[in-house]
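J.: Submitted below is the structure of interest, expressed as structure tokens.
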Amino acid sequence: MRDLTIKRIKSFVACLMQMKIYAEDPAGDTEIDGTLCRFLGTLGNGEEKTFPIGEEEMRVFVIADGLSKGYCSDYYRVPAGSGNVFLSGKNRLNPASGNAFRFDDNDTEE
């Protein structure tokens, strides 16, 4: 097991909403972008939390709610390993995407 720490940088955009954190898990009960996931917890504006995750490669998703998970979400591919992982990001102003949370330094082709 390793720890995943996510910091939600304080922003005026969606400041009153709690964002929901999910991790890819074949035994999960929520489907996001065609991937089964398990719920890890929530993040308030300016909050930082740590969650236990496995050592396998996985995607971590941040969504606003179950209804908008198809367009108001972002994910980060966490590589396999045993070291702890730190991610950060914030909600960005974009009404077309529901002012979604976006991870920092997530510049992959996906």
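Scheme for the structure tokens: letters A, B, ... for chains in order shown; per-chain residue numbers from 1; ligand numbers from 1 in order shown.
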Can you pull out every residue within 10 Å of Arg59 of chain A, counting only C-alpha atoms, but drop anything in the same chain fewer than 2 positions away, and send it as a ChimeraX atom specification?
T.: /A:22-25,35,37,56-57,61,74-79
J.: Could you please determine the separation between atom CA of Cys72 of chain A and atom CA of Phe101 of chain A in Å, to one decimal place?
T.: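 Going from atom CA of Cys72 of chain A over to atom CA of Phe101 of chain A, I get 7.6 Å.
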J.: Expressed in Å to a single decimal, how great is the separation between atom CA of Asn91 of chain A and atom CA of Lys69 of chain A?
T.: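 Computing the Euclidean distance for atom CA of Asn91 of chain A and atom CA of Lys69 of chain A yields 14.3 Å.
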J.: From the options A:Thr30, A:Asn94, A:Thr5, A:Thr50, which residue's atoms come nearest to Asp65 of chain A, counting only C-alpha atoms?
T.: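 Nearest candidate to Asp65 of chain A out of A:Thr30, A:Asn94, A:Thr5, A:Thr50: A:Thr30.
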J.: Considering only C-alpha atoms, state which residue in the set A:Leu40, A:Ala80, A:Ala64, A:Leu4 is at the smallest distance from Gly98 of chain A.
T.: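 Of A:Leu40, A:Ala80, A:Ala64, A:Leu4, the one nearest Gly98 of chain A is A:Ala64, counting only C-alpha atoms.
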J.: Smallest atom-to-atom distance to Ser82 of chain A: which of A:Ser68, A:Leu36, A:Pro52, A:Val62, using only C-alpha atoms?
T.: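 Of A:Ser68, A:Leu36, A:Pro52, A:Val62, the one nearest Ser82 of chain A is A:Pro52, counting only C-alpha atoms.
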J.: So what do you get for atom CA of Ala100 of chain A versus atom CA of Ala27 of chain A, distance-wise?
T.: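 Taking atom CA of Ala100 of chain A as the start and atom CA of Ala27 of chain A as the end point, the length is 26.1 Å.
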J.: Do you know which residues are at most 12 Å from Glu48 of chain A counting only C-alpha atoms, after dropping those on the same chain fewer than 2 positions away, and could you put them as a list in words?
T.: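 Near Glu48 of chain A, the qualifying residues are Leu4, Thr5, Ile6, Lys7, Arg8, Ile9, Lys10, Met19, Ile21, Gly41, Thr42, Leu43, Gly44, Asn45, Gly46, Thr50, Phe51, Phe86, Leu87, Ser88, Gly89 and Lys90 of chain A.
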